[in-house]
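The file coords_10.txt comes next; it holds compact mmCIF, C-alpha atoms.
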# COMPACT_ATOMS: atom_id res chain seq x y z
CA MET A 1 0.00 0.00 0.00
CA THR A 2 1.52 3.29 -1.09
CA THR A 3 0.32 6.28 0.88
CA ASP A 4 0.75 9.92 0.04
CA TRP A 5 1.55 10.96 3.58
CA SER A 6 1.54 14.63 2.70
CA GLN A 7 -2.25 14.38 2.39
CA VAL A 8 -2.75 12.64 5.71
CA SER A 9 -3.78 14.35 8.96
CA ASP A 10 -1.39 14.49 11.88
CA ALA A 11 -3.69 12.25 13.89
CA ALA A 12 -3.65 9.63 11.14
CA LEU A 13 0.12 9.92 10.90
CA VAL A 14 0.38 9.02 14.55
CA VAL A 15 -1.88 6.02 14.04
CA ALA A 16 0.37 4.90 11.19
CA ILE A 17 3.43 5.44 13.37
CA GLY A 18 1.71 3.14 15.86
CA ARG A 19 1.79 0.53 13.14
CA TRP A 20 5.51 0.95 12.61
CA ARG A 21 5.26 3.00 9.45
CA GLU A 22 8.61 4.70 9.37
CA ASP A 23 7.58 6.79 6.37
CA ALA A 24 4.79 8.25 8.53
CA LEU A 25 7.35 9.24 11.15
CA ALA A 26 9.46 10.79 8.39
CA GLU A 27 6.46 12.88 7.35
CA ALA A 28 5.88 13.98 10.97
CA TYR A 29 9.53 14.97 11.07
CA ARG A 30 9.21 16.85 7.79
CA ARG A 31 6.25 18.79 9.16
CA HIS A 32 7.45 19.51 12.66
CA GLY A 33 11.17 18.73 12.94
CA GLY A 34 12.12 22.26 11.97
CA ALA A 35 10.00 23.84 14.69
CA VAL A 36 11.28 21.43 17.33
CA TYR A 37 14.86 22.09 16.29
CA ALA A 38 14.38 25.86 16.18
CA LEU A 39 12.85 25.92 19.64
CA ALA A 40 15.57 23.81 21.25
CA ARG A 41 18.25 25.85 19.52
CA ARG A 42 16.74 29.11 20.54
CA VAL A 43 16.47 28.11 24.20
CA VAL A 44 19.88 26.46 24.47
CA ARG A 45 22.21 28.01 21.96
CA ASP A 46 23.85 24.73 21.24
CA THR A 47 23.36 23.07 17.87
CA GLY A 48 24.47 19.65 19.07
CA PHE A 49 22.07 19.68 21.98
CA ALA A 50 19.23 20.94 19.81
CA GLU A 51 19.79 17.97 17.50
CA GLU A 52 19.78 15.59 20.45
CA VAL A 53 16.45 17.00 21.57
CA VAL A 54 14.93 16.59 18.10
CA GLN A 55 16.17 13.03 17.97
CA GLU A 56 14.85 12.23 21.42
CA VAL A 57 11.44 13.73 20.75
CA PHE A 58 10.93 11.84 17.48
CA VAL A 59 12.28 8.56 18.84
CA ARG A 60 9.82 8.93 21.71
CA LEU A 61 7.01 9.50 19.22
CA TRP A 62 8.13 6.32 17.47
CA THR A 63 8.30 4.17 20.57
CA THR A 64 5.26 5.54 22.43
CA PRO A 65 2.93 7.22 19.94
CA ASP A 66 -0.02 6.44 22.22
CA ARG A 67 1.20 9.14 24.58
CA PHE A 68 0.03 11.70 22.08
CA ASP A 69 -3.64 12.38 22.63
CA PRO A 70 -5.17 14.27 19.69
CA ASP A 71 -7.99 15.42 21.94
CA ARG A 72 -5.52 17.41 23.99
CA GLY A 73 -4.03 19.50 21.21
CA SER A 74 -2.09 19.37 18.00
CA LEU A 75 0.84 17.08 17.35
CA ARG A 76 3.09 20.08 16.94
CA SER A 77 2.23 21.54 20.32
CA TRP A 78 2.77 18.13 21.91
CA LEU A 79 6.17 17.70 20.27
CA LEU A 80 7.18 21.24 21.18
CA ALA A 81 6.05 20.83 24.77
CA GLN A 82 8.23 17.71 25.03
CA ALA A 83 11.16 19.49 23.46
CA HIS A 84 10.69 22.56 25.61
CA GLY A 85 10.54 20.55 28.83
CA ARG A 86 13.67 18.62 27.92
CA THR A 87 15.51 21.77 26.93
CA ILE A 88 14.52 23.64 30.06
CA ASP A 89 15.67 20.72 32.21
CA ARG A 90 19.02 21.00 30.59
CA LEU A 91 19.13 24.76 30.97
CA ARG A 92 18.31 24.54 34.65
CA SER A 93 20.80 21.82 35.40
CA GLU A 94 23.86 22.90 37.30
CA SER A 95 26.18 22.04 34.46
CA ALA A 96 24.36 24.42 32.18
CA ARG A 97 24.98 27.61 34.12
CA ARG A 98 28.00 28.36 32.05
CA LEU A 99 26.13 27.60 28.87
CA ARG A 100 23.45 30.07 29.86
CA GLU A 101 25.95 32.83 30.43
CA GLU A 102 27.59 32.14 27.09
CA ARG A 103 24.23 32.08 25.43
CA ASP A 104 23.24 35.40 26.91
CA ALA A 105 26.47 36.91 25.62
CA GLN A 106 25.78 35.48 22.20
CA ARG A 107 22.20 36.60 22.00
CA THR A 108 22.69 39.75 19.99
CA ALA A 109 24.84 38.06 17.37
CA ASP A 110 22.32 35.27 16.85
CA ALA A 111 19.20 37.37 16.71
CA GLY A 112 18.36 36.82 13.05
CA TYR A 113 19.17 33.20 12.32
CA ASP A 114 15.76 32.15 11.11
CA VAL A 115 15.76 33.78 7.76
CA GLU A 116 14.93 31.02 5.30
CA ARG A 117 11.21 30.83 5.02
CA GLU A 118 8.77 30.22 2.26
CA ALA A 119 6.24 32.87 1.40
CA TRP A 120 3.45 31.34 3.39
CA ASP A 121 5.69 30.74 6.38
CA LEU A 122 6.80 34.32 6.17
CA ALA A 123 3.22 35.51 6.34
CA VAL A 124 2.57 33.42 9.44
CA ALA A 125 5.79 34.48 11.10
CA ASP A 126 4.94 38.09 10.39
CA ARG A 127 1.51 37.62 11.85
CA VAL A 128 2.99 36.01 14.97
CA LYS A 129 5.38 38.91 15.24
CA ASP A 130 2.50 41.37 14.94
CA VAL A 131 0.55 39.57 17.61
CA MET A 132 3.54 39.58 19.91
CA ALA A 133 4.06 43.24 19.22
CA ASP A 134 0.43 43.93 20.08
CA LEU A 135 0.75 42.29 23.47
CA PRO A 136 1.20 44.63 26.41
CA ASP A 137 4.94 44.96 27.02
CA GLY A 138 4.78 43.34 30.42
CA GLU A 139 3.07 40.24 29.06
CA ARG A 140 5.41 39.86 26.11
CA GLN A 141 8.48 40.30 28.23
CA ALA A 142 7.33 37.81 30.88
CA ILE A 143 6.48 35.19 28.26
CA GLU A 144 9.73 35.60 26.37
CA LEU A 145 11.88 35.42 29.49
CA ALA A 146 10.08 32.31 30.64
CA TYR A 147 9.65 30.49 27.33
CA PHE A 148 12.87 31.29 25.52
CA ASP A 149 15.23 32.03 28.37
CA GLY A 150 13.98 29.32 30.68
CA TYR A 151 13.36 31.44 33.75
CA THR A 152 10.64 30.42 36.19
CA TYR A 153 7.98 33.01 36.91
CA ARG A 154 9.66 33.61 40.27
CA GLU A 155 12.95 34.32 38.55
CA VAL A 156 11.22 36.58 36.06
CA ALA A 157 9.64 38.45 38.97
CA LYS A 158 13.06 39.02 40.50
CA LEU A 159 14.62 40.06 37.20
CA LEU A 160 11.89 42.60 36.57
CA ASP A 161 11.49 43.56 40.20
CA THR A 162 7.79 42.84 39.96
CA PRO A 163 5.55 40.81 42.32
CA GLU A 164 5.39 37.09 41.52
CA GLY A 165 1.60 37.20 41.33
CA THR A 166 1.78 39.86 38.65
CA ILE A 167 4.19 37.82 36.55
CA LYS A 168 2.17 34.61 36.65
CA SER A 169 -0.94 36.57 35.71
CA ARG A 170 0.88 38.26 32.84
CA ILE A 171 2.12 34.96 31.46
CA ARG A 172 -1.35 33.45 31.60
CA ALA A 173 -3.08 36.51 30.19
CA GLY A 174 -0.46 36.93 27.46
CA LEU A 175 -0.86 33.36 26.27
CA LYS A 176 -4.63 33.80 26.21
CA HIS A 177 -4.31 37.01 24.21
CA MET A 178 -1.96 35.39 21.73
CA ARG A 179 -4.20 32.44 21.23
CA ALA A 180 -7.27 34.59 20.75
CA ASP A 181 -5.47 36.84 18.26
CA LEU A 182 -3.78 34.14 16.26
CA ILE A 183 -6.33 31.41 16.18
CA ASP A 184 -9.14 33.75 15.21
CA THR A 185 -7.28 35.00 12.18
CA GLU A 186 -7.35 33.51 8.72
CA THR A 187 -3.74 32.55 9.10
CA GLY A 188 -4.64 29.25 10.70
CA GLN A 189 -2.20 26.52 11.48
CA PRO A 190 -0.94 24.60 8.45
CA TRP A 191 0.59 21.94 10.66
CA HIS A 192 -2.62 21.17 12.42
CA HIS A 193 -3.76 18.87 9.59
CA SER A 194 -6.74 17.58 11.44
CA MET B 1 7.78 25.43 48.97
CA ALA B 2 4.30 24.79 47.71
CA SER B 3 3.02 21.89 49.75
CA GLN B 4 -0.57 22.63 48.83
CA LEU B 5 -2.28 24.78 46.23
CA SER B 6 -5.92 25.71 45.96
CA HIS B 7 -7.77 25.34 42.68
CA ALA B 8 -7.57 29.11 42.22
CA ASP B 9 -3.81 29.09 42.92
CA ILE B 10 -3.36 26.37 40.36
CA GLN B 11 -5.44 28.18 37.77
CA GLU B 12 -3.29 31.26 38.17
CA LEU B 13 -0.21 29.15 37.53
CA LEU B 14 -1.48 27.33 34.44
CA GLY B 15 0.14 29.73 31.98
CA ALA B 16 3.53 29.47 33.63
CA TYR B 17 3.08 25.72 34.04
CA ALA B 18 2.28 25.27 30.35
CA ILE B 19 5.60 26.81 29.38
CA ASP B 20 7.66 25.04 32.06
CA ALA B 21 8.10 28.20 34.12
CA VAL B 22 7.05 26.92 37.54
CA ASP B 23 9.25 25.44 40.25
CA ALA B 24 9.64 21.68 40.33
CA ASP B 25 7.49 21.22 43.44
CA GLU B 26 4.71 23.31 41.93
CA ALA B 27 4.97 21.36 38.70
CA THR B 28 4.47 18.13 40.62
CA LEU B 29 1.33 19.45 42.33
CA ILE B 30 -0.09 20.84 39.10
CA ASP B 31 0.70 17.61 37.22
CA ALA B 32 -1.46 15.75 39.71
CA HIS B 33 -4.25 18.32 39.55
CA VAL B 34 -4.31 18.53 35.77
CA ALA B 35 -4.53 14.76 35.49
CA GLU B 36 -7.83 14.92 37.36
CA CYS B 37 -9.28 18.26 36.22
CA PRO B 38 -10.47 18.42 32.61
CA ARG B 39 -10.98 22.19 32.69
CA CYS B 40 -7.42 22.92 33.76
CA ARG B 41 -6.13 20.29 31.34
CA GLY B 42 -7.95 22.07 28.56
CA GLU B 43 -6.50 25.41 29.53
CA VAL B 44 -2.97 24.01 29.59
CA ALA B 45 -3.52 22.57 26.11
CA GLU B 46 -4.66 25.98 24.88
CA HIS B 47 -1.63 27.72 26.36
CA ARG B 48 0.63 25.20 24.71
CA GLU B 49 -1.03 25.78 21.37
CA ALA B 50 -0.35 29.49 21.79
CA ALA B 51 3.26 28.81 22.75
CA THR B 52 3.55 26.66 19.64
CA LEU B 53 3.11 29.79 17.59
CA LEU B 54 5.99 31.44 19.43
CA SER B 55 8.26 28.72 18.15
CA PHE B 56 7.27 29.23 14.57
CA THR B 57 10.16 30.14 12.32
CA GLY B 58 9.42 28.22 9.15
CA ALA B 59 12.96 26.87 9.13
CA ALA B 60 13.54 23.21 8.36
CA ALA B 61 15.37 20.81 10.62
CA PRO B 62 18.93 19.92 9.59
CA GLU B 63 18.86 17.68 6.54
CA ASP B 64 21.15 15.00 7.85
CA LEU B 65 19.38 14.71 11.18
CA TRP B 66 16.53 12.60 9.85
CA SER B 67 18.91 10.01 8.47
CA ARG B 68 20.53 9.76 11.87
CA ILE B 69 17.16 9.38 13.57
CA ALA B 70 16.08 6.75 11.05
CA ALA B 71 19.34 4.85 11.50
CA GLY B 72 18.77 4.88 15.27
CA LEU B 73 15.30 3.42 14.80
CA GLU B 74 16.69 0.45 12.93
CA GLU B 75 19.10 -0.33 15.73
CA THR B 76 16.24 -0.68 18.17
CA PRO B 77 14.09 -3.75 17.59
CA PRO B 78 10.54 -2.50 17.59
CA PRO B 79 9.01 -3.15 21.00
CA LEU B 80 5.24 -3.29 21.08
CA ARG B 81 4.25 0.12 22.11
CA ILE B 82 1.02 -0.25 24.00
CA PRO B 83 2.53 -2.20 26.92
CA ALA B 84 5.24 0.44 27.24
CA GLN B 85 2.64 2.44 29.08
CA LEU B 86 1.53 -0.25 31.46
CA PRO B 87 -0.74 1.41 33.94
CA VAL B 88 -0.13 0.67 37.57
CA ARG B 89 -3.54 0.21 39.09
CA ARG B 90 -5.77 -1.61 36.70
CA PRO B 91 -3.47 -2.79 33.99
CA ALA B 92 -5.62 -4.89 31.79
CA LYS B 93 -8.65 -2.65 31.55
CA ARG B 94 -6.83 0.54 30.72
CA LEU B 95 -4.40 -1.19 28.46
CA PHE B 96 -7.11 -2.74 26.42
CA ALA B 97 -8.86 0.58 26.31
CA ALA B 98 -5.72 2.03 24.77
CA VAL B 99 -5.60 -0.78 22.23
CA ALA B 100 -9.26 -0.21 21.49
CA ALA B 101 -8.74 3.51 21.05
CA ILE B 102 -5.93 3.05 18.60
CA ALA B 103 -7.75 0.30 16.83
CA ALA B 104 -10.83 2.47 16.51
CA ALA B 105 -8.68 5.19 15.04
CA VAL B 106 -7.18 2.72 12.57
CA ILE B 107 -10.64 1.76 11.46
CA GLY B 108 -11.74 5.36 11.24
CA VAL B 109 -8.75 6.48 9.29
CA LEU B 110 -8.19 3.63 6.96
CA GLY B 111 -11.77 2.61 6.51
CA VAL B 112 -11.48 -1.12 6.81
CA GLN B 113 -13.77 -2.64 4.26
CA VAL B 114 -15.62 -5.68 5.33
CA VAL B 115 -16.92 -7.71 2.43
CA ARG B 116 -19.20 -10.63 2.89
CA GLN B 117 -17.92 -13.84 1.45
CA SER B 118 -20.31 -16.26 3.02
CA GLU B 119 -20.01 -18.88 0.33
CA ARG B 120 -16.31 -19.11 0.76
CA ILE B 121 -16.70 -19.23 4.51
CA ASP B 122 -19.16 -22.08 4.26
CA ARG B 123 -16.70 -23.99 2.15
CA LEU B 124 -13.98 -23.29 4.67
CA ALA B 125 -16.21 -24.50 7.47
CA ALA B 126 -16.81 -27.71 5.59
CA ILE B 127 -13.11 -28.20 5.03
CA SER B 128 -12.60 -27.59 8.69
CA ASP B 129 -14.99 -30.38 9.59
CA GLN B 130 -13.71 -32.85 7.08
CA ARG B 131 -10.01 -32.42 6.85
CA GLY B 132 -9.03 -30.67 9.97
CA LEU B 133 -8.44 -27.27 11.26
CA ASP B 134 -4.96 -26.89 9.85
CA GLN B 135 -6.14 -27.19 6.28
CA ALA B 136 -8.95 -24.72 6.91
CA ALA B 137 -6.43 -22.30 8.33
CA ALA B 138 -4.15 -22.79 5.35
CA ALA B 139 -7.07 -22.17 3.00
CA ALA B 140 -8.06 -19.07 4.92
CA ALA B 141 -4.62 -17.62 4.56
CA VAL B 142 -4.91 -17.54 0.77
CA THR B 143 -8.52 -16.39 0.67
CA PRO B 144 -8.94 -13.05 -1.11
CA GLY B 145 -9.72 -10.35 1.43
CA ALA B 146 -8.13 -12.30 4.28
CA ARG B 147 -6.14 -10.15 6.62
CA THR B 148 -3.14 -11.43 8.44
CA VAL B 149 -2.11 -10.15 11.79
CA ARG B 150 1.04 -10.83 13.74
CA LEU B 151 0.61 -10.71 17.48
CA GLN B 152 3.87 -10.07 19.27
CA SER B 153 5.12 -9.70 22.79
CA ASN B 154 6.76 -6.55 24.02
CA ASP B 155 10.22 -7.94 23.48
CA GLY B 156 9.34 -9.60 20.19
CA THR B 157 10.17 -13.11 21.43
CA ARG B 158 6.59 -14.40 21.43
CA VAL B 159 4.83 -14.50 18.10
CA VAL B 160 1.38 -15.63 17.11
CA ASP B 161 0.10 -15.30 13.57
CA ALA B 162 -3.57 -15.09 12.79
CA VAL B 163 -5.69 -14.86 9.67
CA VAL B 164 -9.01 -13.08 9.73
CA LEU B 165 -11.55 -13.45 6.98
CA PRO B 166 -13.87 -10.66 5.93
CA ASP B 167 -16.83 -12.09 7.82
CA GLY B 168 -14.99 -12.36 11.10
CA HIS B 169 -13.96 -16.02 10.99
CA GLY B 170 -10.35 -16.36 11.92
CA TYR B 171 -7.60 -18.80 12.71
CA LEU B 172 -4.53 -18.71 14.82
CA VAL B 173 -2.14 -20.30 12.34
CA ARG B 174 1.05 -20.19 14.36
CA ALA B 175 1.34 -19.90 18.09
CA ASP B 176 4.77 -19.73 19.63
CA LEU B 177 3.73 -19.59 23.25
CA PRO B 178 5.22 -21.50 26.16
CA SER B 179 3.14 -23.92 28.14
CA LEU B 180 1.47 -22.18 31.04
CA GLY B 181 0.79 -25.00 33.48
CA ARG B 182 -2.49 -26.57 34.46
CA ASP B 183 -4.02 -23.73 36.43
CA ARG B 184 -3.64 -21.10 33.69
CA THR B 185 -4.95 -20.73 30.19
CA TYR B 186 -4.30 -18.46 27.27
CA GLN B 187 -7.32 -16.46 26.21
CA LEU B 188 -7.81 -14.70 22.90
CA TRP B 189 -9.38 -11.23 22.83
CA GLY B 190 -10.62 -9.17 19.96
CA VAL B 191 -11.01 -5.42 19.87
CA ILE B 192 -14.22 -4.50 18.09
CA GLY B 193 -15.00 -0.82 18.17
CA ALA B 194 -14.39 0.30 21.73
CA GLN B 195 -15.00 -3.16 23.18
CA THR B 196 -12.68 -5.97 24.05
CA ILE B 197 -14.42 -9.31 23.53
CA SER B 198 -13.32 -12.82 24.34
CA LEU B 199 -12.77 -14.87 21.21
CA GLY B 200 -11.96 -18.05 22.99
CA VAL B 201 -10.15 -19.83 25.76
CA LEU B 202 -7.11 -21.43 24.14
CA GLY B 203 -5.83 -23.78 26.81
CA ASP B 204 -2.36 -23.78 28.25
CA HIS B 205 -0.55 -24.66 25.03
CA PRO B 206 -2.44 -23.30 22.01
CA THR B 207 -1.93 -24.60 18.50
CA ILE B 208 -4.05 -23.88 15.44
CA THR B 209 -7.36 -22.54 16.66
CA ALA B 210 -10.49 -21.23 14.99
CA PHE B 211 -12.42 -18.25 16.25
CA ARG B 212 -15.13 -15.92 15.09
CA ALA B 213 -15.56 -12.21 15.73
CA ALA B 214 -19.04 -10.71 15.55
CA GLY B 215 -17.93 -7.40 14.09
CA PRO B 216 -15.03 -5.64 12.39
CA LEU B 217 -11.92 -6.71 14.25
CA ALA B 218 -9.29 -4.08 14.72
CA ALA B 219 -6.86 -5.86 17.00
CA LEU B 220 -6.20 -9.19 18.61
CA ALA B 221 -4.50 -9.92 21.88
CA ILE B 222 -3.81 -12.95 24.02
CA SER B 223 -3.56 -12.84 27.78
CA SER B 224 -2.92 -15.42 30.46
CA GLU B 225 -5.94 -16.11 32.65
CA HIS B 226 -6.97 -18.57 35.31
CA ALA B 227 -7.98 -21.93 33.85
CA GLY B 228 -11.54 -21.59 32.59
CA GLY B 229 -10.95 -18.11 31.27
CA ALA B 230 -12.24 -14.69 32.24
CA VAL B 231 -15.07 -12.45 31.06
CA ALA B 232 -12.65 -9.57 30.61
CA PRO B 233 -8.86 -9.57 30.52
CA THR B 234 -7.37 -9.49 33.98
CA THR B 235 -3.74 -9.34 32.93
CA SER B 236 -1.79 -7.39 30.35
CA PRO B 237 -1.62 -8.97 26.90
CA ILE B 238 1.23 -11.36 26.32
CA VAL B 239 1.03 -10.75 22.60
CA GLN B 240 -1.06 -8.37 20.56
CA GLY B 241 -1.32 -7.02 17.06
CA PHE B 242 -3.39 -4.74 14.89
CA LEU B 243 -5.07 -5.91 11.73
CA THR B 244 -3.79 -4.64 8.44
CA THR B 245 -6.09 -3.71 5.61
CA THR B 246 -4.14 -5.48 2.89

Spell out the structure here as structure tokens.
Amino acid sequence: MTTDWSQVSDAALVVAIGRWREDALAEAYRRHGGAVYALARRVVRDTGFAEEVVQEVFVRLWTTPDRFDPDRGSLRSWLLAQAHGRTIDRLRSESARRLREERDAQRTADAGYDVEREAWDLAVADRVKDVMADLPDGERQAIELAYFDGYTYREVAKLLDTPEGTIKSRIRAGLKHMRADLIDTETGQPWHHS
Amino acid sequence: MASQLSHADIQELLGAYAIDAVDADEATLIDAHVAECPRCRGEVAEHREAATLLSFTGAAAPEDLWSRIAAGLEETPPPLRIPAQLPVRRPAKRLFAAVAAIAAAVIGVLGVQVVRQSERIDRLAAISDQRGLDQAAAAAAVTPGARTVRLQSNDGTRVVDAVVLPDGHGYLVRADLPSLGRDRTYQLWGVIGAQTISLGVLGDHPTITAFRAAGPLAALAISSEHAGGAVAPTTSPIVQGFLTTT
């Protein structure tokens, strides 16, 4: 049976992965590997580690696809949540302190690495950028420090000299605003496939 | 630090929790809460969807990385994945539910076509009576529309092959299972829709066996039960497999 996996929903891909279809896993990688890699690389500025995370996340999808529950969100958000958790663990580990300092120093130089995008991708990325720009500064800053820099909300509160309660509310409200803005637009999510 | 959190406390933390920005002890408490609270679980899922957009760059993963991942997959003999998540409390029930869920999805996605071939089945039944089960099983294997399914153990060492005909008649054609002893029996289960149904008590050393499923079979599994069998599986499957559509 030859299947054109590019026409198959993410949920169906996972079912096929459950039946040991390696070509289905390859398609999942084609769709989402870039995002997983970009996230890991952005959080820990270490190409080798980012690749390890991608590998780990996709091998886990291969060995335990039943852990993905399509009722609880898209495949991409599941893969990214796995990758983010793994990356943050690494960032917070004692051995990574040095890495974090180096990364902070490198931040400016690396700011524009994600330049190769197709036209559609560019439109989405621009829209995401717009939505982020529309967020109140406090919300955007709290989310970015937590999500990309790996700080806990308590650490963010200290960094910004703001009460902890304010920071956790800003993170929650900011994510809600983003979701409302982005998901209600025509942009949609090409990777959702279901 | 956070030995206890109220529902309101937890709700306030859901955004930070969704992006891994809570302390480890808080994460543990929220993990437990979210597992039980559908509303909070839903909110976390929504936050993660929003965070997904933050990660969007449109860039592809490194080209050579997939080949490395694929090479790694080949080195690992495929374990059966459902038992990898063996639940602690009520293994069999939840496990079979997981099999049923995946099987239902397989049916939904691939649209298993069930075609009636009653004439052929009647002939096979006659063969079965006259010349023995093994010949009927052999005939079934080459019947157009027959689906084969390999049931395997987690470590791949136990293998049972089955053939299922379009009307639900089936045969275990090869059973590589060790003898269980007198007080235990193997029992065959079929997943039909969301239900797990007994397809027969196989004895402690099964050989070629006939069975019949009263509906579109999506998966088969064999468990070890007390002699006499059980109305529902009480242990995790020893072997299991999903039906293919070809």

Show me, as an mmCIF file with C-alpha atoms, in the coordinates of the input, the residues of chain B whose atoms get within 6 Å of chain A, using all atoms listed in the file for the distance check.
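What landed in part28.cif:
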data_model
loop_
_atom_site.group_PDB
_atom_site.id
_atom_site.type_symbol
_atom_site.label_atom_id
_atom_site.label_comp_id
_atom_site.auth_asym_id
_atom_site.auth_seq_id
_atom_site.Cartn_x
_atom_site.Cartn_y
_atom_site.Cartn_z
ATOM 1 C CA GLY B 15 0.140 29.730 31.980
ATOM 2 C CA ILE B 19 5.600 26.810 29.380
ATOM 3 C CA ALA B 21 8.100 28.200 34.120
ATOM 4 C CA VAL B 22 7.050 26.920 37.540
ATOM 5 C CA ALA B 45 -3.520 22.570 26.110
ATOM 6 C CA HIS B 47 -1.630 27.720 26.360
ATOM 7 C CA ARG B 48 0.630 25.200 24.710
ATOM 8 C CA GLU B 49 -1.030 25.780 21.370
ATOM 9 C CA ALA B 50 -0.350 29.490 21.790
ATOM 10 C CA THR B 52 3.550 26.660 19.640
ATOM 11 C CA SER B 55 8.260 28.720 18.150
ATOM 12 C CA GLY B 58 9.420 28.220 9.150
ATOM 13 C CA ALA B 59 12.960 26.870 9.130
ATOM 14 C CA ALA B 60 13.540 23.210 8.360
ATOM 15 C CA ALA B 61 15.370 20.810 10.620
ATOM 16 C CA ILE B 69 17.160 9.380 13.570
ATOM 17 C CA ARG B 81 4.250 0.120 22.110
#

Margin query: I'd like the contact shell of region 183-187 of chain B - 12 Å cut-off, all atoms listed in the file, skipping same-chain residues fewer than 6 positions apart - returned as a PyMOL selection string.
Written below: chain B and resi 160+172+175-177+196-207+209+211+220-240

Next item on the list: Record the distance separating CA of Asp25 (chain B) and CA of Val57 (chain A), expressed in Å with one decimal.
Entry: 24.2 Å

Item checked: Atomic distance CA of Ala213 (chain B) - CA of Gly168 (chain B), expressed in Å with one decimal -> 4.7 Å

Notebook entry, point to check: Between B:Ala219, B:Leu65, B:Ala35, B:Leu13, which one has atoms that come closest to Val53 (chain A), using all atoms listed in the file?
Noted result: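 Nearest candidate to Val53 (chain A) out of B:Ala219, B:Leu65, B:Ala35, B:Leu13: B:Leu65.
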
Check: Could you work out how far CA of Ala194 (chain B) lies from CA of Arg174 (chain B), giving the answer in Å with one decimal?
Finding: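 About the pair CA of Arg174 (chain B) and CA of Ala194 (chain B): they are 26.7 Å apart.
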
Notebook entry, point to check: Which residue, A:Gln82, A:Val44, A:Thr162, A:Arg60, has the smallest gap to Ala18 (chain B) when you use all atoms listed in the file?
Noted result: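 Among A:Gln82, A:Val44, A:Thr162, A:Arg60, it is A:Gln82 that comes nearest to Ala18 (chain B).
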
Item checked: Given all atoms listed in the file as the counted atoms, nearest of A:Glu164, A:Asp10, A:Asp130, A:Glu27 to Leu53 (chain B) ->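 Among the listed residues, the smallest separation from Leu53 (chain B) belongs to A:Asp130.
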
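Taking all atoms listed in the file into account, the residues near (-10.2, -15.3, 12.9), no farther than 10 Å, are Ala137, Ala140, Ala146, Arg147, Thr148, Val149, Ala162, Val163, Val164, Leu165, Pro166, Asp167, Gly168, His169, Gly170, Tyr171, Leu172, Val173, Gly190, Leu199, Thr209, Ala210, Phe211, Arg212, Ala213, Leu217 and Leu220 of chain B.
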